[in-house]
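I have placed the structure first, in the form of C-alpha cells, so that the comments after it can refer back to it.
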Amino acid sequence: MPYRAPISDYEFLFRHAVGFDEIAATEKFSSASEDVVGAILTEAGKLCEEVMAPLQRPGDLEPARLENGVMRTSPGFADGWKAIADGGWIGMSGDPEYGGMGLPMTLTTAVNEMMSAACLSLQLAPLMTQGQIEALEHHASDEIKALYLPKMMAGEWSGTMNLTEPQAGSDVGALTSKAVPNGDGTYAITGQKIYISWGDNDFAENICHLVLARLPDSVPGTKGISLFLVPKFLPDEAGNPGIANDLKVVSIEHKMGLHGSPTCVMQYDGAKGWLIGREHGGMAAMFTMMNNARLGVGGQGVGCAEGAYQHALAYALERKQGKTPSGTIIDHADVRRMLMSMRADTFAARAIMLANAAAIDMGNATGDPDWIARAALLTPISKAFGTETGMRVSETGVQVHGGMGFIEETGAAQYYRDVRVTAIYEGTNGIQAMDLVARKMMDGGDAASRLLDEIEDHAEQARATMPELAGPVWEATESLRETTEWMVAQSDLNARFAGAVPYLRAFARVLGAHYHLKAALAQPDGPRFKLARFYINALLPEFSGFLGQAQPGANDVFALSAEEFVA
Ligand SMILES: Cc1cc2nc3c(=O)[nH]c(=O)nc-3n(C[C@H](O)[C@H](O)[C@H](O)COP(=O)(O)OP(=O)(O)OC[C@H]3O[C@@H](n4cnc5c(N)ncnc54)[C@H](O)[C@@H]3O)c2cc1C
C-alpha cells in the first residue's frame with residue numbers, strides 16, 4: 001500500500017498551532033519563508049513516497065547481514081541512502097559553514113517523521129548521523145569540524161552513537177570502556193559496545209563512531225565519562241578514508257522488528273580516537289546529541305502511527321463484511337472508533353513534537369531561557385508520547401485488519417514490530433517520565449506552570465466561541481496543575497517516580513487537547529473541528545484516570561517484597 005506524505009497536516013500545524021511564523025521572523029531562520037517550507041515539504045514527501053516507502057518491506061524480509069566481517073545492507077538501502085544524501089536531507093538543520101542548509105529543526109522534524117513512516121529502518125541511519133553532526137558542531141575542535149562535518153552532511157560518511165555496554169544500559173555511568181592517551185593528542189579506545197544502530201554499512205565511505213569511554217584518572221559514574229570520535233577508517237593527510245582503525249563489528253542482533261537496521265555488537269581494540277569536548281565532559285556532549293535524538297525518536301513513533309493509520313484506512317475502505325451503507329467495514333461504529341482514535345492521536349502527537357521542535361528553534365534563535373526550558377520540558381513528553389502513540393496506533397492498525405493484521409503480507413504487523421523499540425531506545429519511556437518529574441521540575445515546576453497558564457488562557461478565550469470544547473480543556477489543565485504541584489511538593493523522589501509514567505500520559509493528553517482546540521478554532525466548519533471534538537470527548541477524559549494513578553506515591557508499588565513477588 002503506497003504511503004502518502006501528510007504535507008497538509010504539517011502546513012496546517014506550522015501555521016495554526018506551533019507558531020512557525022515567529023520562527024521565520026527571527027534573523028537566524030529568515031530564509032524559511034512559506035514558499036521555501038512548501039517546496040521542501042513537497043520534495044521530501046516525494047522522496048518518502050517514491051524512494052523510501054518501497055524499501056519498507058524488503059528491509060523487513062531481507063535484514064542486513066554480516067558476511068565474513070562485511071556488512072551487507074538490505075536490498076535498495078544503498079540507493080535509498082544516496083537519494084537522502086543527494087537531496088541534502090542529512091544536513092538540513094546543519095551549519096551552512098560546513099555545507100548544511102541551516103533550516104529550522106521544526107522543518108527537519110517534519111521531514112524525519114515522513115521518512116520514519118516510509119521506512120523506519122533506513123531512516124535511523126540519517127537520524128544517527130544528524131545527532132552526531134549536532135554533537136560535533138557544539139563540542140568538536142575547528143579542525144575536526146572542518147574535516148568531518150562536510151562529509152557527514154553530504155552523506156559521504158555516516159555516524160553512530162556508542163553508549164550501551166552489557167552492564168551499562170539505562171545506567172550509562174556503569175560503562176567501563178577505556179581511553180588511554182597516545183601522547184600525540186589522540187587516544188586508544190578499548191571496550192565492547194552493544195546494540196549499536198547502523199554500526200556499519202556498505203554505502204558510506206567511512207563510519208564515524210561517537211564512543212563514550214573512561215580516561216585512566218576518571219571518577220566512577222557519569223562524571224568520569226569522556227566522548228571520543230572513532231572513525232572506521234583513519235583519515236589520511238588529504239582527509240580521505242585511509243587505513244582501517246582497530247575496531248570491528250562482532251555480530252548483529254536478530255530482532256523483533258526494525259530488521260533493515262543492523263544493530264551491532266562493536267569491539268574496540270585500542271582504536272584511535274579524538275576527544276570531543278573536554279575530558280570527563282562526555283555526558284554533557286552526548287546530551288547535546290541525545291536531546292534532539294529523543295525528539296527524533298518521538299518522531300519515529302509518530303511516523304509509524306501515520307503509516308499504520310494509512311494502511312488501516314485503505315483496508316477498511318475495501319474490506320466487505322456485514323451489512324453497512326457502503327458495504328465495507330468502514331461503516332461499522334467500532335471500526336470508525338478505531339480509525340478516529342488513530343487519526344486524532346497521531347495529530348496530537350505530531351503537534352506536540354512540532355511544538356517541541358519550534359521551542360528548540362526559538363531557543364536557538366533568541367537564546368531566551370524560557371524557550372530553552374520549554375524545549376527541555378517537552379522533550380521527554382514528545383519522546384514517550386510519540387512512541388506510545390506509534391505503538392497504540394499500530395496495534396489498533398492490526399486490529400482494523402482483523403485476521404489479515406496478523407498475516408505479515410499486509411504489512412500492518414511490521415509497523416507494530418518496528419515501532420516497539422522506540423519506547424526502549426534513547427532512554428526507555430520510564431526514564432523519560434522520571435526525567436519529566438525530577439530534572440525538568442528542578443525549577444520548582446515553573447516551566448510546566450508557564451505552559452499550563454498558556455493552555456488555560458487559550459481555553460479561556462476559546463470559551464466564547466467553542467465552550468463545549470474549551471471547557472473540558474480548561475478543566476483538565478487545572479487538574480494537571482494540581483497534580484504538578486503535588487509532584488513538585490514530594491521530596492521523596494520515589495513518590496514522584498512511582499506515578500511518573502501516568503503523569504506524563506496525562507500531560508500529553510492535555511497538550512494534545514490544546515492543539516486540537518487550536519485546530520478546531522482555525523477550521524471551525526471542517527474535518528479538523530470534528531477530529532478535535534472526537535479527541536476532546538473520547539480521548540482527553542483519560543487524563544483523569546492517569547492523574548489518579550500518578551498520585552498514590554511509592555508505598556503501594558513497594559508493598560510486596562521481592563520474595564513475595566516470586567512466592
Ligand atoms: C534495536 C536497538 C537499537 C539500539 N541502538 C543503540 C545505539 O545506537 N547506541 C546505543 O548506545 N544504544 C543503543 N540501544 C540500547 C538502548 O538505548 C538500551 O537498550 C536502553 O537504553 C535500555 O537499556 P537496557 O537495554 O540495558 O535496559 P535496562 O537498563 O536493563 O532496563 C530494563 C528495565 O528497567 C528499567 N530501568 C532501568 N533503570 C531504571 C531506573 N533507574 N529507574 C527506573 N527504571 C529503570 C528500564 O526502564 C527497563 O524497563 C539500542 C537498543 C536496541 C534494542
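Residues are named by chain letter and number: chains run A, B, ... in the order of the C-alpha cells, numbers start at 1 in each chain, and ligands are numbered from 1 in the order shown.
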
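Pocket residues of ligand 1, taken as those with any atom at most 6 Å away using only C-alpha atoms and all ligand atoms, are Met161, Asn162, Leu163, Thr164, Gly169, Ser170, Tyr195, Ile196, Ser197, Thr263, Val421, Ile424, Tyr425, Glu426, Gly427, Thr428, Gly430 and Ile431 of chain A.
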
For stretch 476-483 of chain A: contacts at 8 Å, only C-alpha atoms, fewer than 5 positions along chain excluded, given as a list in words: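 These residues fall inside the cut-off: Ser449, Leu452, Ile455, Glu456, Ala506, Phe507, Val510, Phe543, Ser544, Leu547, Ala550 and Gln551 of chain A.
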
Output for the residues just chosen: N, CA, C and O atoms as a CSV table (one decimal), in the first residue's frame:
chain,number,residue,atom,x,y,z
A,449,SER,N,4.4,25.2,34.8
A,449,SER,CA,3.3,26.1,35.1
A,449,SER,C,3.1,27.2,34.1
A,449,SER,O,2.0,27.5,33.8
A,452,LEU,N,1.1,25.6,31.4
A,452,LEU,CA,-0.3,25.4,31.7
A,452,LEU,C,-1.0,26.7,31.7
A,452,LEU,O,-2.2,26.7,31.3
A,455,ILE,N,-2.0,27.4,28.2
A,455,ILE,CA,-3.1,26.5,27.7
A,455,ILE,C,-4.4,27.0,28.3
A,455,ILE,O,-5.5,27.0,27.6
A,456,GLU,N,-4.4,27.3,29.6
A,456,GLU,CA,-5.7,27.8,30.2
A,456,GLU,C,-6.1,29.1,29.6
A,456,GLU,O,-7.3,29.3,29.4
A,506,ALA,N,-0.9,11.9,31.2
A,506,ALA,CA,-2.0,12.9,31.4
A,506,ALA,C,-1.5,14.2,30.8
A,506,ALA,O,-2.3,14.9,30.2
A,507,PHE,N,-0.3,14.6,31.0
A,507,PHE,CA,0.3,15.8,30.5
A,507,PHE,C,0.1,15.8,28.9
A,507,PHE,O,-0.3,16.8,28.3
A,510,VAL,N,-3.5,16.4,27.8
A,510,VAL,CA,-3.9,17.8,27.9
A,510,VAL,C,-3.2,18.6,26.8
A,510,VAL,O,-3.9,19.4,26.1
A,543,PHE,N,-7.2,11.5,30.9
A,543,PHE,CA,-6.3,12.3,31.8
A,543,PHE,C,-6.7,12.0,33.2
A,543,PHE,O,-5.8,11.9,34.1
A,544,SER,N,-8.0,11.9,33.5
A,544,SER,CA,-8.4,11.9,34.8
A,544,SER,C,-8.0,10.6,35.5
A,544,SER,O,-7.4,10.6,36.6
A,547,LEU,N,-4.2,10.8,36.1
A,547,LEU,CA,-3.8,11.6,37.2
A,547,LEU,C,-4.1,10.9,38.5
A,547,LEU,O,-3.3,11.0,39.5
A,550,ALA,N,-1.3,8.8,39.1
A,550,ALA,CA,0.0,9.5,39.3
A,550,ALA,C,0.3,9.8,40.8
A,550,ALA,O,1.4,10.0,41.2
A,551,GLN,N,-0.8,9.8,41.6
A,551,GLN,CA,-0.6,10.4,42.9
A,551,GLN,C,-0.5,9.5,44.1
A,551,GLN,O,-0.3,9.9,45.2

Long-range neighbours of A:Ala447 as a PyMOL selection string, 9 Å cut-off, only C-alpha atoms, 5 positions minimum in chain: chain A and resi 370+373-374+377+440-441+452

Closest of A:Val419, A:Leu147, A:Ala562, A:Leu234 to A:Leu258 - atom-to-atom distances counting only C-alpha atoms: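 Ranking A:Val419, A:Leu147, A:Ala562, A:Leu234 by distance to A:Leu258, first place goes to A:Val419.
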
Could you list, with a cut-off of 12 Å and counting only C-alpha atoms, the residues of stretch 397-469 of chain A near stretch 341-354 of chain A, each shown with its nearest atom pair and the distance in Å rounded to one decimal, rows sorted by chain and ascending number, as a tab-separated table?
residue	atom	partner	partner_atom	distance
A:Gly397	CA	A:Met342	CA	8.1
A:Val398	CA	A:Met342	CA	11.6
A:Gln399	CA	A:Met342	CA	11.5
A:Val400	CA	A:Met342	CA	10.5

Within 9 Å of stretch 108-121 of chain A using only C-alpha atoms, minus same-chain residues under 5 positions, as number ranges by chain: A: 3-7, 10, 40-41, 44-45, 47-49, 51-57, 59-60, 89, 92-93, 103, 126-127, 257-262, 295-296, 298-308, 350, 353-354, 357, 415, 418-419

Neighbour list for A:Glu156 as a PyMOL selection string, cut-off 7 Å, only C-alpha atoms, skip fewer than 4 positions in-chain: chain A and resi 151-152+204-205

Residue list (strand (DSSP E), DSSP) for stretch 45-287 of chain A, as a PyMOL selection string: chain A and resi 65-67+70-72+157-162+178-181+187-197+206-214+225-231+233-235+241-244+247-252+263-276

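Distance annotation: of A:Asp184, A:Asp334, A:Glu408, A:Asp435, the residue with the minimal separation from A:Thr379 is A:Asp435; atom set is only C-alpha atoms.
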